[in-house]
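Take a look at the structure below.
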Protein chains: 2
Amino acid sequence: MSKKELPVLQPAQSVPGLPGVLCCTPLAREPLGEADATDLAKVFKALADPVRLRLFSLIASFEGGQACVCDLTGEFDVSQPTISHHLKVLRDAGLVGSERRGTWVYYWVLPRTLGRLSGLLAPAETGALV
Amino acid sequence: MSKKELPVLQPAQSVPGLPGVLCCTPLAREPLGEADATDLAKVFKALADPVRLRLFSLIASFEGGQACVCDLTGEFDVSQPTISHHLKVLRDAGLVGSERRGTWVYYWVLPRTLGRLSGLLAPAETGALV
DNA sequence: TGTCAACATAGACGTATGTCGAAGAAGGAG
DNA sequence: CTCCTTCTTCGACATACGTCTATGTTGACA
(Lines give C-alpha, C1' and ligand atoms only; values in the text may rest on other atoms or scores of the structure.)
Protein backbone atom coordinates (compact mmCIF):
# COMPACT_ATOMS: atom_id res chain seq x y z
CA MET A 1 0.00 0.00 0.00
CA SER A 2 1.01 3.54 -0.52
CA LYS A 3 0.22 5.07 2.84
CA LYS A 4 -0.78 2.59 5.49
CA GLU A 5 -1.10 -1.12 5.38
CA LEU A 6 -4.70 -1.13 6.43
CA PRO A 7 -7.51 0.35 4.34
CA VAL A 8 -10.44 2.27 5.69
CA LEU A 9 -12.21 -0.90 6.50
CA GLN A 10 -11.13 -0.70 10.08
CA PRO A 11 -14.10 1.38 11.20
CA ALA A 12 -16.55 -0.89 9.47
CA GLN A 13 -16.04 -3.95 11.60
CA SER A 14 -15.22 -2.64 15.01
CA VAL A 15 -16.98 0.66 14.67
CA PRO A 16 -17.35 2.82 17.71
CA GLY A 17 -20.48 4.55 16.53
CA LEU A 18 -22.06 1.58 14.89
CA PRO A 19 -22.55 -1.03 17.56
CA GLY A 20 -25.86 0.27 18.78
CA VAL A 21 -27.40 0.50 15.40
CA LEU A 22 -26.43 -2.79 13.97
CA CYS A 23 -26.95 -4.66 17.16
CA CYS A 24 -30.47 -5.56 17.94
CA THR A 25 -32.82 -2.65 18.00
CA PRO A 26 -35.72 -3.34 15.64
CA LEU A 27 -36.31 -0.41 13.37
CA ALA A 28 -40.01 -0.47 14.11
CA ARG A 29 -39.72 -0.54 17.86
CA GLU A 30 -38.43 2.84 18.81
CA PRO A 31 -37.42 5.99 16.90
CA LEU A 32 -33.97 5.75 15.45
CA GLY A 33 -31.42 8.22 16.76
CA GLU A 34 -29.74 10.70 14.46
CA ALA A 35 -26.27 9.17 14.71
CA ASP A 36 -27.57 5.65 14.38
CA ALA A 37 -29.58 6.60 11.32
CA THR A 38 -26.50 8.08 9.68
CA ASP A 39 -24.48 4.94 10.25
CA LEU A 40 -27.24 2.62 9.22
CA ALA A 41 -27.89 4.62 6.07
CA LYS A 42 -24.33 3.94 4.97
CA VAL A 43 -24.93 0.22 5.05
CA PHE A 44 -28.16 0.48 3.12
CA LYS A 45 -26.47 2.79 0.64
CA ALA A 46 -23.91 0.10 0.01
CA LEU A 47 -26.74 -2.23 -0.95
CA ALA A 48 -28.60 0.39 -2.96
CA ASP A 49 -27.01 -0.41 -6.29
CA PRO A 50 -27.91 -3.23 -8.69
CA VAL A 51 -24.32 -4.14 -9.44
CA ARG A 52 -23.38 -4.27 -5.78
CA LEU A 53 -26.43 -6.34 -4.93
CA ARG A 54 -25.55 -8.84 -7.62
CA LEU A 55 -21.93 -8.82 -6.53
CA PHE A 56 -22.93 -9.48 -2.97
CA SER A 57 -25.35 -12.21 -3.91
CA LEU A 58 -22.84 -13.76 -6.26
CA ILE A 59 -20.12 -13.86 -3.64
CA ALA A 60 -22.49 -15.26 -1.03
CA SER A 61 -23.71 -18.05 -3.24
CA PHE A 62 -20.30 -18.93 -4.60
CA GLU A 63 -18.95 -22.36 -4.01
CA GLY A 64 -17.06 -22.27 -0.76
CA GLY A 65 -18.47 -18.86 0.08
CA GLN A 66 -15.51 -17.14 -1.52
CA ALA A 67 -14.81 -15.66 -4.90
CA CYS A 68 -11.85 -13.92 -6.42
CA VAL A 69 -12.38 -10.77 -8.43
CA CYS A 70 -11.64 -12.65 -11.61
CA ASP A 71 -14.66 -14.84 -10.91
CA LEU A 72 -16.87 -11.78 -10.70
CA THR A 73 -15.85 -9.38 -13.43
CA GLY A 74 -17.03 -11.62 -16.22
CA GLU A 75 -20.60 -11.57 -14.92
CA PHE A 76 -21.07 -7.85 -15.41
CA ASP A 77 -21.15 -5.34 -18.22
CA VAL A 78 -19.06 -2.83 -16.33
CA SER A 79 -15.30 -2.48 -16.36
CA GLN A 80 -12.96 -4.14 -13.92
CA PRO A 81 -12.09 -0.93 -12.06
CA THR A 82 -15.79 -0.35 -11.53
CA ILE A 83 -16.15 -3.81 -10.01
CA SER A 84 -13.18 -3.04 -7.82
CA HIS A 85 -14.81 0.17 -6.72
CA HIS A 86 -18.06 -1.56 -5.82
CA LEU A 87 -16.22 -4.24 -3.88
CA LYS A 88 -14.52 -1.53 -1.88
CA VAL A 89 -17.88 0.01 -1.04
CA LEU A 90 -19.19 -3.33 0.17
CA ARG A 91 -16.04 -3.88 2.18
CA ASP A 92 -16.13 -0.44 3.78
CA ALA A 93 -19.72 -1.09 4.79
CA GLY A 94 -18.69 -4.24 6.60
CA LEU A 95 -20.71 -6.44 4.30
CA VAL A 96 -17.83 -8.44 2.88
CA GLY A 97 -14.29 -9.30 3.87
CA SER A 98 -11.32 -9.71 1.58
CA GLU A 99 -7.88 -11.21 1.53
CA ARG A 100 -5.10 -11.46 -0.99
CA ARG A 101 -3.83 -14.95 -1.70
CA GLY A 102 -1.04 -14.96 -4.22
CA THR A 103 -2.12 -13.30 -7.40
CA TRP A 104 -5.79 -13.28 -6.53
CA VAL A 105 -7.89 -11.33 -4.06
CA TYR A 106 -10.75 -13.26 -2.51
CA TYR A 107 -13.97 -11.82 -1.14
CA TRP A 108 -16.53 -13.38 1.19
CA VAL A 109 -19.71 -12.27 2.90
CA LEU A 110 -19.64 -11.25 6.54
CA PRO A 111 -22.78 -12.93 7.83
CA ARG A 112 -22.88 -10.97 11.04
CA THR A 113 -23.60 -7.66 9.38
CA LEU A 114 -26.18 -9.35 7.21
CA GLY A 115 -27.92 -10.96 10.13
CA ARG A 116 -28.02 -7.71 12.03
CA LEU A 117 -29.63 -5.93 9.12
CA SER A 118 -32.17 -8.69 8.88
CA GLY A 119 -33.03 -8.35 12.53
CA LEU A 120 -33.33 -4.60 12.23
CA LEU A 121 -35.87 -4.94 9.47
CA ALA A 122 -37.96 -7.55 11.18
CA PRO A 123 -41.47 -6.20 11.70
CA ALA A 124 -41.94 -5.15 15.29
CA GLU A 125 -44.99 -7.15 16.16
CA THR A 126 -46.28 -9.20 13.31
CA GLY A 127 -49.67 -8.29 12.09
CA ALA A 128 -50.25 -5.51 14.54
CA LEU A 129 -50.96 -2.73 12.11
CA VAL A 130 -52.81 -2.62 8.88
CA MET B 1 -53.79 9.13 -4.16
CA SER B 2 -53.47 12.05 -6.43
CA LYS B 3 -52.19 10.00 -9.30
CA LYS B 4 -52.62 6.45 -10.41
CA GLU B 5 -49.04 5.43 -9.96
CA LEU B 6 -48.24 2.19 -8.25
CA PRO B 7 -45.28 1.35 -6.06
CA VAL B 8 -42.20 0.09 -7.79
CA LEU B 9 -42.36 -3.31 -6.31
CA GLN B 10 -45.74 -4.14 -7.64
CA PRO B 11 -44.29 -6.43 -10.31
CA ALA B 12 -42.33 -8.24 -7.70
CA GLN B 13 -45.35 -9.62 -5.96
CA SER B 14 -47.49 -10.51 -8.92
CA VAL B 15 -44.99 -11.89 -11.38
CA PRO B 16 -44.89 -15.68 -11.31
CA GLY B 17 -41.67 -15.99 -13.23
CA LEU B 18 -39.57 -13.95 -10.88
CA PRO B 19 -41.22 -14.00 -7.53
CA GLY B 20 -37.73 -14.06 -6.18
CA VAL B 21 -37.01 -10.46 -5.52
CA LEU B 22 -39.15 -9.42 -2.66
CA CYS B 23 -40.72 -12.74 -2.03
CA CYS B 24 -38.61 -15.29 -0.36
CA THR B 25 -35.33 -15.89 -2.09
CA PRO B 26 -32.53 -15.32 0.36
CA LEU B 27 -29.91 -13.03 -1.09
CA ALA B 28 -27.20 -15.46 -0.16
CA ARG B 29 -28.76 -18.53 -1.71
CA GLU B 30 -28.48 -17.95 -5.41
CA PRO B 31 -27.11 -15.17 -7.63
CA LEU B 32 -29.54 -12.32 -8.00
CA GLY B 33 -30.83 -11.66 -11.49
CA GLU B 34 -30.26 -8.36 -13.19
CA ALA B 35 -33.90 -7.25 -13.16
CA ASP B 36 -34.42 -8.39 -9.60
CA ALA B 37 -31.32 -6.54 -8.50
CA THR B 38 -32.59 -3.35 -10.10
CA ASP B 39 -35.93 -3.57 -8.32
CA LEU B 40 -34.40 -4.49 -5.02
CA ALA B 41 -31.87 -1.68 -5.24
CA LYS B 42 -34.72 0.81 -5.41
CA VAL B 43 -36.04 -0.34 -2.07
CA PHE B 44 -32.64 -0.21 -0.44
CA LYS B 45 -32.06 3.19 -1.96
CA ALA B 46 -35.21 4.38 -0.26
CA LEU B 47 -33.72 3.33 3.05
CA ALA B 48 -30.28 4.71 2.27
CA ASP B 49 -30.85 8.13 3.79
CA PRO B 50 -30.67 9.11 7.46
CA VAL B 51 -33.77 11.28 7.34
CA ARG B 52 -35.82 8.59 5.63
CA LEU B 53 -34.63 5.95 8.06
CA ARG B 54 -35.65 8.11 11.00
CA LEU B 55 -38.94 8.94 9.33
CA PHE B 56 -39.64 5.31 8.76
CA SER B 57 -38.68 4.33 12.28
CA LEU B 58 -40.67 7.20 13.71
CA ILE B 59 -43.81 6.27 11.81
CA ALA B 60 -43.44 2.61 12.72
CA SER B 61 -43.07 3.29 16.39
CA PHE B 62 -45.79 5.92 16.54
CA GLU B 63 -48.74 5.35 18.77
CA GLY B 64 -51.33 3.52 16.71
CA GLY B 65 -48.83 2.86 13.96
CA GLN B 66 -49.84 6.01 12.15
CA ALA B 67 -48.55 9.54 12.04
CA CYS B 68 -49.56 12.64 10.15
CA VAL B 69 -46.92 14.76 8.50
CA CYS B 70 -47.37 17.41 11.14
CA ASP B 71 -46.26 14.89 13.73
CA LEU B 72 -43.06 14.27 11.85
CA THR B 73 -41.78 17.60 10.62
CA GLY B 74 -40.94 18.90 14.07
CA GLU B 75 -38.49 16.09 14.67
CA PHE B 76 -36.13 17.08 11.87
CA ASP B 77 -33.90 19.95 10.93
CA VAL B 78 -34.98 19.94 7.32
CA SER B 79 -37.84 21.87 5.79
CA GLN B 80 -41.34 20.52 5.53
CA PRO B 81 -41.21 20.15 1.73
CA THR B 82 -38.13 18.02 2.16
CA ILE B 83 -39.98 15.78 4.60
CA SER B 84 -42.78 15.51 2.09
CA HIS B 85 -40.28 14.53 -0.58
CA HIS B 86 -38.78 11.81 1.59
CA LEU B 87 -42.21 10.45 2.45
CA LYS B 88 -42.96 10.18 -1.22
CA VAL B 89 -39.77 8.19 -1.77
CA LEU B 90 -40.74 5.80 1.02
CA ARG B 91 -44.23 5.49 -0.40
CA ASP B 92 -43.03 4.84 -3.95
CA ALA B 93 -40.79 2.11 -2.61
CA GLY B 94 -43.75 0.38 -1.02
CA LEU B 95 -42.39 0.86 2.47
CA VAL B 96 -45.22 3.01 3.77
CA GLY B 97 -48.82 3.70 2.89
CA SER B 98 -50.65 6.99 3.18
CA GLU B 99 -54.16 8.38 3.28
CA ARG B 100 -55.67 11.81 3.56
CA ARG B 101 -58.14 12.27 6.36
CA GLY B 102 -59.56 15.75 6.43
CA THR B 103 -56.81 18.29 6.73
CA TRP B 104 -54.13 15.80 7.60
CA VAL B 105 -52.30 13.09 5.68
CA TYR B 106 -51.45 9.99 7.64
CA TYR B 107 -48.63 7.57 6.98
CA TRP B 108 -48.10 4.03 8.20
CA VAL B 109 -45.57 1.28 7.65
CA LEU B 110 -46.36 -1.55 5.28
CA PRO B 111 -45.07 -4.53 7.24
CA ARG B 112 -45.13 -6.90 4.30
CA THR B 113 -42.39 -5.11 2.40
CA LEU B 114 -40.39 -4.86 5.59
CA GLY B 115 -40.72 -8.54 6.31
CA ARG B 116 -39.71 -9.48 2.80
CA LEU B 117 -36.59 -7.39 3.05
CA SER B 118 -35.79 -9.01 6.35
CA GLY B 119 -36.15 -12.45 4.84
CA LEU B 120 -33.99 -11.52 1.90
CA LEU B 121 -31.20 -10.45 4.17
CA ALA B 122 -31.37 -13.47 6.40
CA PRO B 123 -28.13 -15.43 6.18
CA ALA B 124 -28.68 -18.28 3.75
CA GLU B 125 -28.71 -21.22 6.07
CA THR B 126 -27.29 -20.36 9.39
CA GLY B 127 -23.84 -21.74 9.57
CA ALA B 128 -23.95 -23.36 6.18
CA LEU B 129 -21.76 -20.98 4.26
CA VAL B 130 -18.79 -19.36 5.81
C1' DT C 1 16.12 -8.92 -13.98
C1' DG C 2 12.13 -8.41 -17.02
C1' DT C 3 7.49 -9.43 -18.22
C1' DC C 4 2.88 -10.64 -17.64
C1' DA C 5 -1.56 -11.11 -15.07
C1' DA C 6 -4.64 -9.61 -11.35
C1' DC C 7 -6.49 -5.71 -8.74
C1' DA C 8 -6.40 -1.13 -6.97
C1' DT C 9 -6.18 3.85 -7.37
C1' DA C 10 -6.58 8.46 -9.62
C1' DG C 11 -8.80 11.79 -12.24
C1' DA C 12 -12.59 13.19 -15.12
C1' DC C 13 -17.27 13.41 -16.59
C1' DG C 14 -22.39 13.03 -16.75
C1' DT C 15 -26.29 12.00 -14.01
C1' DA C 16 -28.82 11.36 -9.80
C1' DT C 17 -29.94 13.00 -5.20
C1' DG C 18 -30.98 16.03 -1.11
C1' DT C 19 -32.07 20.44 -0.04
C1' DC C 20 -34.24 24.90 -0.26
C1' DG C 21 -37.80 28.73 -1.14
C1' DA C 22 -41.85 29.79 -3.69
C1' DA C 23 -46.07 28.52 -5.43
C1' DG C 24 -50.06 25.30 -5.97
C1' DA C 25 -53.97 22.15 -4.33
C1' DA C 26 -57.26 20.59 -0.84
C1' DG C 27 -60.12 21.09 3.27
C1' DG C 28 -62.02 23.33 7.37
C1' DA C 29 -63.85 27.62 9.66
C1' DG C 30 -65.85 31.94 9.50
C1' DC D 1 -67.16 33.62 -0.70
C1' DT D 2 -62.43 34.56 1.90
C1' DC D 3 -58.86 33.23 4.92
C1' DC D 4 -55.99 29.94 7.11
C1' DT D 5 -53.73 25.49 7.78
C1' DT D 6 -51.76 21.29 5.92
C1' DC D 7 -49.35 19.15 2.58
C1' DT D 8 -47.53 18.56 -2.26
C1' DT D 9 -45.27 20.11 -6.39
C1' DC D 10 -42.00 23.02 -8.91
C1' DG D 11 -37.49 24.97 -10.21
C1' DA D 12 -32.98 25.66 -8.92
C1' DC D 13 -28.76 24.60 -6.81
C1' DA D 14 -24.61 22.09 -4.78
C1' DT D 15 -23.04 17.76 -3.76
C1' DA D 16 -22.66 12.75 -4.14
C1' DC D 17 -22.46 8.75 -7.03
C1' DG D 18 -21.47 5.41 -10.90
C1' DT D 19 -18.81 4.91 -14.67
C1' DC D 20 -14.94 5.22 -17.69
C1' DT D 21 -9.79 5.37 -19.23
C1' DA D 22 -5.21 5.64 -17.73
C1' DT D 23 -1.88 4.50 -14.47
C1' DG D 24 0.05 2.24 -10.25
C1' DT D 25 1.00 -1.84 -7.32
C1' DT D 26 1.61 -6.48 -6.26
C1' DG D 27 2.85 -11.19 -6.99
C1' DA D 28 4.25 -15.21 -10.07
C1' DC D 29 7.43 -16.98 -13.24
C1' DA D 30 11.23 -17.48 -16.60
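Simple scheme: letters A, B, ... for chains in C-alpha coordinates order, numbers from 1 for residues in each chain, numbers from 1 for ligands in the order shown.
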
Under the rule of at most 7 Å, produce a per-residue listing of chain B near chain C: chain, number, name, the closest pair of atoms, and the distance in Å, as CSV, using only C-alpha atoms (C1' of nucleotides).
residue,atom,partner,partner_atom,distance
B:Thr82,CA,C:DT19,C1',6.9
B:Gly102,CA,C:DG27,C1',6.2
B:Thr103,CA,C:DG27,C1',5.5

Proximal residues of chain B relative to chain A (only C-alpha atoms; 8 Å) as a PyMOL selection string: chain B and resi 27-34+37-38+40-45+47-51+53-54+56-58+60-61+64-65+110-111+114-115+117-123+129-130

Interface residues on chain B facing chain D, 10 Å, only C-alpha atoms (C1' of nucleotides), written as a PyMOL selection string: chain B and resi 2+68-70+80-81+84-85+88+100+102-105

Would you mind exporting all heavy atoms of the selected residues as a short mmCIF file (atom, residue, chain, number, x, y, z; two decimals), in the first residue's frame?
data_model
loop_
_atom_site.label_atom_id
_atom_site.label_comp_id
_atom_site.auth_asym_id
_atom_site.auth_seq_id
_atom_site.Cartn_x
_atom_site.Cartn_y
_atom_site.Cartn_z
N SER B 2 -53.24 11.05 -5.40
CA SER B 2 -53.47 12.05 -6.43
C SER B 2 -53.37 11.42 -7.82
O SER B 2 -54.19 11.65 -8.68
CB SER B 2 -52.45 13.18 -6.31
OG SER B 2 -51.16 12.63 -6.09
N CYS B 68 -49.35 11.66 11.20
CA CYS B 68 -49.56 12.64 10.15
C CYS B 68 -48.26 13.41 9.96
O CYS B 68 -47.38 13.38 10.81
CB CYS B 68 -50.71 13.59 10.48
SG CYS B 68 -50.32 14.84 11.70
N VAL B 69 -48.15 14.06 8.83
CA VAL B 69 -46.92 14.76 8.50
C VAL B 69 -46.58 15.79 9.56
O VAL B 69 -45.41 16.00 9.89
CB VAL B 69 -47.05 15.43 7.12
CG1 VAL B 69 -45.76 16.12 6.74
CG2 VAL B 69 -47.44 14.41 6.07
N CYS B 70 -47.61 16.39 10.13
CA CYS B 70 -47.37 17.41 11.14
C CYS B 70 -46.71 16.83 12.38
O CYS B 70 -46.02 17.53 13.12
CB CYS B 70 -48.68 18.11 11.50
SG CYS B 70 -49.93 17.00 12.18
N GLN B 80 -40.18 21.38 5.67
CA GLN B 80 -41.34 20.52 5.53
C GLN B 80 -41.47 19.97 4.11
O GLN B 80 -41.81 18.78 3.94
CB GLN B 80 -42.59 21.31 5.94
CG GLN B 80 -43.86 20.50 5.93
CD GLN B 80 -44.53 20.57 4.57
OE1 GLN B 80 -44.44 21.58 3.91
NE2 GLN B 80 -45.16 19.49 4.16
N PRO B 81 -41.19 20.74 3.06
CA PRO B 81 -41.21 20.15 1.73
C PRO B 81 -40.22 19.01 1.56
O PRO B 81 -40.49 18.05 0.84
CB PRO B 81 -40.84 21.33 0.81
CG PRO B 81 -41.31 22.52 1.54
CD PRO B 81 -41.08 22.23 2.98
N SER B 84 -41.77 16.00 3.02
CA SER B 84 -42.78 15.51 2.09
C SER B 84 -42.14 14.71 0.95
O SER B 84 -42.64 13.67 0.53
CB SER B 84 -43.56 16.70 1.52
OG SER B 84 -44.68 16.26 0.80
N HIS B 85 -41.01 15.23 0.48
CA HIS B 85 -40.28 14.53 -0.58
C HIS B 85 -39.83 13.16 -0.12
O HIS B 85 -39.99 12.15 -0.83
CB HIS B 85 -39.08 15.37 -1.02
CG HIS B 85 -38.03 14.60 -1.74
ND1 HIS B 85 -38.21 14.11 -3.02
CD2 HIS B 85 -36.79 14.19 -1.36
CE1 HIS B 85 -37.12 13.45 -3.39
NE2 HIS B 85 -36.25 13.49 -2.41
N LYS B 88 -42.57 10.67 0.10
CA LYS B 88 -42.96 10.18 -1.22
C LYS B 88 -42.03 9.06 -1.69
O LYS B 88 -42.47 8.07 -2.28
CB LYS B 88 -42.93 11.33 -2.23
CG LYS B 88 -43.24 10.90 -3.66
CD LYS B 88 -43.29 12.10 -4.60
CE LYS B 88 -43.26 11.69 -6.05
NZ LYS B 88 -44.34 10.76 -6.41
N ARG B 100 -55.26 10.49 3.07
CA ARG B 100 -55.67 11.81 3.56
C ARG B 100 -56.95 11.68 4.35
O ARG B 100 -57.94 11.10 3.89
CB ARG B 100 -55.88 12.76 2.38
CG ARG B 100 -56.43 14.09 2.81
CD ARG B 100 -56.25 15.16 1.76
NE ARG B 100 -56.17 16.48 2.38
CZ ARG B 100 -55.38 17.44 1.95
NH1 ARG B 100 -54.60 17.21 0.92
NH2 ARG B 100 -55.36 18.60 2.54
N GLY B 102 -59.30 14.35 6.13
CA GLY B 102 -59.56 15.75 6.43
C GLY B 102 -58.37 16.60 6.05
O GLY B 102 -57.86 16.51 4.94
N THR B 103 -57.92 17.39 7.00
CA THR B 103 -56.81 18.29 6.73
C THR B 103 -55.47 17.56 6.71
O THR B 103 -54.54 17.98 6.05
CB THR B 103 -56.76 19.38 7.82
OG1 THR B 103 -58.04 20.01 7.88
CG2 THR B 103 -55.70 20.41 7.49
N TRP B 104 -55.42 16.45 7.40
CA TRP B 104 -54.13 15.80 7.60
C TRP B 104 -53.92 14.59 6.70
O TRP B 104 -54.88 13.94 6.27
CB TRP B 104 -53.97 15.38 9.06
CG TRP B 104 -54.04 16.54 9.99
CD1 TRP B 104 -53.03 17.36 10.36
CD2 TRP B 104 -55.20 17.00 10.67
NE1 TRP B 104 -53.48 18.31 11.23
CE2 TRP B 104 -54.81 18.13 11.45
CE3 TRP B 104 -56.54 16.61 10.71
CZ2 TRP B 104 -55.70 18.84 12.24
CZ3 TRP B 104 -57.43 17.31 11.50
CH2 TRP B 104 -57.01 18.42 12.26
N VAL B 105 -52.66 14.28 6.44
CA VAL B 105 -52.30 13.09 5.68
C VAL B 105 -51.55 12.15 6.62
O VAL B 105 -50.55 12.55 7.22
CB VAL B 105 -51.41 13.44 4.47
CG1 VAL B 105 -50.97 12.18 3.75
CG2 VAL B 105 -52.17 14.36 3.52
#

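In this model, the gap between atom CA of B:Val78 and atom CA of B:Leu90 comes to 16.5 Å.
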
Straight-line distance linking atom CA of B:Tyr107 with atom CA of B:Ala67, stated in Å to one decimal: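 According to the coordinates, atom CA of B:Tyr107 and atom CA of B:Ala67 are separated by 5.4 Å.
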
Pairwise distance for atom CA of A:Glu75 and atom CA of A:Val96, rounded to one decimal in Å: 18.3 Å
